[in-house]
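Shown here: protein.cif, mmCIF, C-alpha atoms.
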data_work
loop_
_atom_site.label_atom_id
_atom_site.label_comp_id
_atom_site.auth_asym_id
_atom_site.auth_seq_id
_atom_site.Cartn_x
_atom_site.Cartn_y
_atom_site.Cartn_z
CA MET A 1 48.96 6.99 25.80
CA GLY A 2 49.94 7.89 29.34
CA GLU A 3 49.78 11.62 28.64
CA LYS A 4 49.04 13.72 31.67
CA THR A 5 47.46 17.09 31.21
CA LYS A 6 47.75 19.77 33.79
CA GLU A 7 44.64 21.82 34.23
CA LYS A 8 45.12 25.14 35.92
CA GLN A 9 42.29 25.75 38.32
CA GLU A 10 41.04 29.27 38.70
CA VAL A 11 40.40 30.45 42.25
CA ARG A 12 38.65 33.71 43.03
CA ILE A 13 40.62 36.25 45.05
CA SER A 14 37.98 36.13 47.78
CA GLU A 15 38.69 32.41 48.25
CA LYS A 16 42.50 32.62 48.31
CA LEU A 17 44.44 32.48 51.55
CA LEU A 18 47.52 34.08 49.99
CA LEU A 19 47.68 36.84 47.41
CA SER A 20 50.40 38.04 45.09
CA ILE A 21 51.42 41.69 45.29
CA ASN A 22 49.43 42.29 42.09
CA GLU A 23 46.30 40.62 43.50
CA ALA A 24 46.60 42.59 46.77
CA ASN A 25 46.92 45.75 44.66
CA VAL A 26 43.75 44.94 42.72
CA LEU A 27 41.86 43.98 45.89
CA SER A 28 42.87 47.01 47.95
CA GLY A 29 43.76 49.76 45.52
CA ILE A 30 47.09 50.22 47.34
CA GLY A 31 49.96 50.59 44.86
CA GLN A 32 52.36 47.74 44.24
CA ASN A 33 55.38 49.83 45.28
CA LYS A 34 53.69 50.77 48.57
CA LEU A 35 52.81 47.11 49.21
CA ARG A 36 56.42 46.07 48.60
CA GLU A 37 57.58 48.83 50.97
CA LEU A 38 55.15 47.72 53.70
CA THR A 39 56.21 44.07 53.37
CA LEU A 40 59.90 44.92 53.81
CA ASP A 41 59.23 45.91 57.43
CA PRO A 42 60.19 42.93 59.65
CA ARG A 43 57.12 43.64 61.81
CA CYS A 44 54.71 43.39 58.85
CA PRO A 45 51.90 41.10 60.06
CA PHE A 46 50.61 40.09 56.63
CA VAL A 47 53.65 39.03 54.59
CA LEU A 48 54.82 35.48 53.96
CA PHE A 49 58.03 34.79 52.07
CA VAL A 50 58.22 31.59 50.06
CA GLY A 51 61.84 31.65 48.98
CA ARG A 52 62.17 35.07 47.38
CA LYS A 53 58.48 35.28 46.51
CA ARG A 54 56.46 37.69 48.63
CA LEU A 55 52.87 36.67 49.37
CA ILE A 56 50.18 38.54 51.25
CA LYS A 57 48.10 36.77 53.91
CA ARG A 58 44.66 37.94 52.86
CA LYS A 59 42.89 37.86 56.25
CA ALA A 60 45.80 39.52 58.09
CA PHE A 61 46.00 42.12 55.29
CA GLU A 62 42.28 42.88 55.61
CA ALA A 63 42.67 43.21 59.40
CA PHE A 64 45.65 45.53 58.92
CA ILE A 65 43.64 47.75 56.58
CA ASP A 66 40.68 47.79 58.99
CA LYS A 67 42.76 49.12 61.91
CA GLU A 68 45.11 51.54 60.10
CA LEU A 69 44.16 55.17 59.58
CA GLU A 70 47.06 56.00 57.29
CA ILE A 71 49.91 54.22 55.50
#
Kindly transcribe the structure held in the file into structure tokens.
Amino acid sequence: MGEKTKEKQEVRISEKLLLSINEANVLSGIGQNKLRELTLDPRCPFVLFVGRKRLIKRKAFEAFIDKELEI
């Protein structure tokens, strides 16, 4: 009685606003170490820190990839 169950909802990567480093790696093919390096730059347009957790703003990340020739 009164038990609450938490159901984890699955969301496709294409529907997420924010991605983990691992998800951004899978989506882009860019290595996790390179993604961490890019997000350490204070001018990085696609990183969002939530405490110590590093998240990737998907749309800004896609725009970054579209305009860059080399990383």
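For the pair CA of Pro45 in chain A and CA of Arg12 in chain A, the separation is 22.8 Å.
Distances from A:Lys59, A:Phe64, A:Lys6, A:Leu17 to Arg43 in chain A were compared using only C-alpha atoms, and the smallest one belongs to A:Phe64.
Among the candidates A:Asn33, A:Gln9, A:Thr39, A:Ser28, the one nearest to Asp66 in chain A when counting all atoms listed in the file is A:Ser28.
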Exercise for review: Determine the residue membership of the PyMOL selection byres ((chain A and resi 36) around 12) for the file above and supply it as a ChimeraX atom specification.
Suggested key: /A:20-22,24-25,30-35,37-41,44,46-49,53-56
Practice item. Work out how far CA of Leu19 in chain A is from CA of Ile71 in chain A, in Å to one decimal. Key: 19.3 Å
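Among the candidates A:Lys57, A:Ala63, A:Gly51, A:Glu70, the one nearest to Ile13 in chain A when counting all atoms listed in the file is A:Lys57.
CA of Leu69 in chain A sits 23.2 Å away from CA of Ser14 in chain A.
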